[in-house]
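Presented below is the structure to which this report refers.
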Amino acid sequence: MPATRHAAASQSSNPPADDPRHRILSAAGQEFAEHGYEAATVRDICLAAGVNIAAVNYYFGDKRRLYIESVKHAHQQRAAEVPLPEASGRPAEERLHDFIDTTLQRMLGFSEQPWQVRLMLREVLQPTEACREMVEDYVRPHFAVLVSILDELCQGRLPQSELRRVAMSIIGQCFLYRAAGDVVGMLVPRAEIHSLHTPKQLADHITRFSLAALGVAAPLPDSSRFVRESPA
């Protein structure tokens, strides 16, 4: 496929639902999420998308490029479904909570585990060239937003290297509930999972924990915010 066609297609952020390229990307993403790159076939993808098998070559060039674009497409879809709230004029503490809440919603927001999340998780755990492109195009700018919020909270007293480590710790706390969700379910009582491990509850906890670690909030919430629990 000519580079100009590929570039123009990549810039279309909201294609119509019946757009063949969009249908191929959605079908490919689901196939790759379910079966992995090697096992997924172009024939099955085209059958699911309702297009001729030559369409993959026309729009993407080959299976490898289709896979890369499907990973990026998955990230774009999740970001569009759960956008980061407008930050203008809001305190850094609120923006940190918004960032964490948005990250958790994108990772955990739907109980049916959407294929977009499964595909991105597969790519993060077994990275390919698609992971590098996704990081450069989407994850790195998002990460820079988090680092800037932390810098504002600390009023410039921490070096960038330390801010990046704090940011990694925050992302790691969020990612744990996606990557090791089954293990979390084994460690935490079911009632507690439903009442305290929702994306909103986790966002509240990770925000408080992070603010305390930065020294801009008390180490623990004040006692009025505790709900005494009966022994398990």
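In the structure tokens, the first chain shown is A, the next is B, and so on; residue numbers restart at 1 for each chain, and ligands run from 1 in the order shown.
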task: Please provide the set of residues having any atom within 8 Å of Val56 in chain A, restricted to only C-alpha atoms, with same-chain residues fewer than 2 positions apart removed, written as an NGL selection string.
output: :A and (24 or 42 or 46 or 53-54 or 58-63 or 66)
Requested write-out: C-alpha atoms of the selected residues, as a PDB file, in the first residue's frame:
ATOM      1  CA  ILE A  24     -10.528  -5.054   9.704  1.00  0.00           C
ATOM      2  CA  VAL A  42      -5.506 -13.145   7.926  1.00  0.00           C
ATOM      3  CA  CYS A  46     -11.082 -10.974   6.824  1.00  0.00           C
ATOM      4  CA  ILE A  53      -8.544 -11.238   1.894  1.00  0.00           C
ATOM      5  CA  ALA A  54      -6.723  -8.801  -0.411  1.00  0.00           C
ATOM      6  CA  TYR A  58      -4.441  -2.938   0.380  1.00  0.00           C
ATOM      7  CA  TYR A  59      -4.902  -1.136   3.704  1.00  0.00           C
ATOM      8  CA  PHE A  60      -1.957  -2.409   5.779  1.00  0.00           C
ATOM      9  CA  GLY A  61       0.596  -4.093   3.554  1.00  0.00           C
ATOM     10  CA  ASP A  62       0.967  -7.305   5.563  1.00  0.00           C
ATOM     11  CA  LYS A  63      -0.064  -9.140   8.733  1.00  0.00           C
ATOM     12  CA  LEU A  66      -1.968  -5.052  10.676  1.00  0.00           C
TER      13      LEU A  66
END
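For Pro199 in chain A, the residues within 7 Å (counting only C-alpha atoms, excluding itself and residues fewer than 2 positions away along the chain) are A:Asp101, A:Leu104, A:Gln105, A:Leu108, A:Gly109, A:His197, A:Gln201, A:Leu202, A:Ala203.
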Atoms to include: N, CA and C atoms. Write the selected residues as an mmCIF file, in the first residue's frame.
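And here is the file that came out, out_36.cif:
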data_model
loop_
_atom_site.group_PDB
_atom_site.id
_atom_site.type_symbol
_atom_site.label_atom_id
_atom_site.label_comp_id
_atom_site.auth_asym_id
_atom_site.auth_seq_id
_atom_site.Cartn_x
_atom_site.Cartn_y
_atom_site.Cartn_z
ATOM 1 N N ASP A 101 -7.780 7.557 38.277
ATOM 2 C CA ASP A 101 -9.115 7.024 38.019
ATOM 3 C C ASP A 101 -9.278 6.668 36.543
ATOM 4 N N LEU A 104 -7.266 3.488 35.740
ATOM 5 C CA LEU A 104 -7.943 2.285 36.243
ATOM 6 C C LEU A 104 -9.182 1.960 35.429
ATOM 7 N N GLN A 105 -9.943 2.974 35.056
ATOM 8 C CA GLN A 105 -11.140 2.732 34.253
ATOM 9 C C GLN A 105 -10.770 2.116 32.908
ATOM 10 N N LEU A 108 -9.705 -1.524 33.885
ATOM 11 C CA LEU A 108 -10.622 -2.406 34.600
ATOM 12 C C LEU A 108 -12.087 -2.107 34.374
ATOM 13 N N GLY A 109 -12.390 -1.076 33.611
ATOM 14 C CA GLY A 109 -13.727 -0.497 33.639
ATOM 15 C C GLY A 109 -14.878 -1.366 33.241
ATOM 16 N N HIS A 197 -12.744 -2.611 45.987
ATOM 17 C CA HIS A 197 -11.811 -2.758 44.870
ATOM 18 C C HIS A 197 -12.455 -2.382 43.538
ATOM 19 N N GLN A 201 -12.969 3.182 44.091
ATOM 20 C CA GLN A 201 -12.368 2.972 45.407
ATOM 21 C C GLN A 201 -10.856 2.836 45.305
ATOM 22 N N LEU A 202 -10.391 2.127 44.287
ATOM 23 C CA LEU A 202 -8.955 1.964 44.110
ATOM 24 C C LEU A 202 -8.295 3.296 43.765
ATOM 25 N N ALA A 203 -8.973 4.105 42.960
ATOM 26 C CA ALA A 203 -8.426 5.428 42.619
ATOM 27 C C ALA A 203 -8.279 6.282 43.871
#
- request: For range 162-171 of chain A, list every protein, DNA or RNA residue within 10 Å, evaluated using only C-alpha atoms, and leave out those in the same chain fewer than 6 positions away; present the list as a VMD selection string.
  value: chain A and resid 100 103 to 104 143 to 151 154 156 206 to 207 209 to 210 213 to 214
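Between Leu96 in chain A and the residues A:Glu136, A:Glu69, A:Asp18, A:Glu152, the shortest atom-to-atom distance, using only C-alpha atoms, involves A:Glu152.
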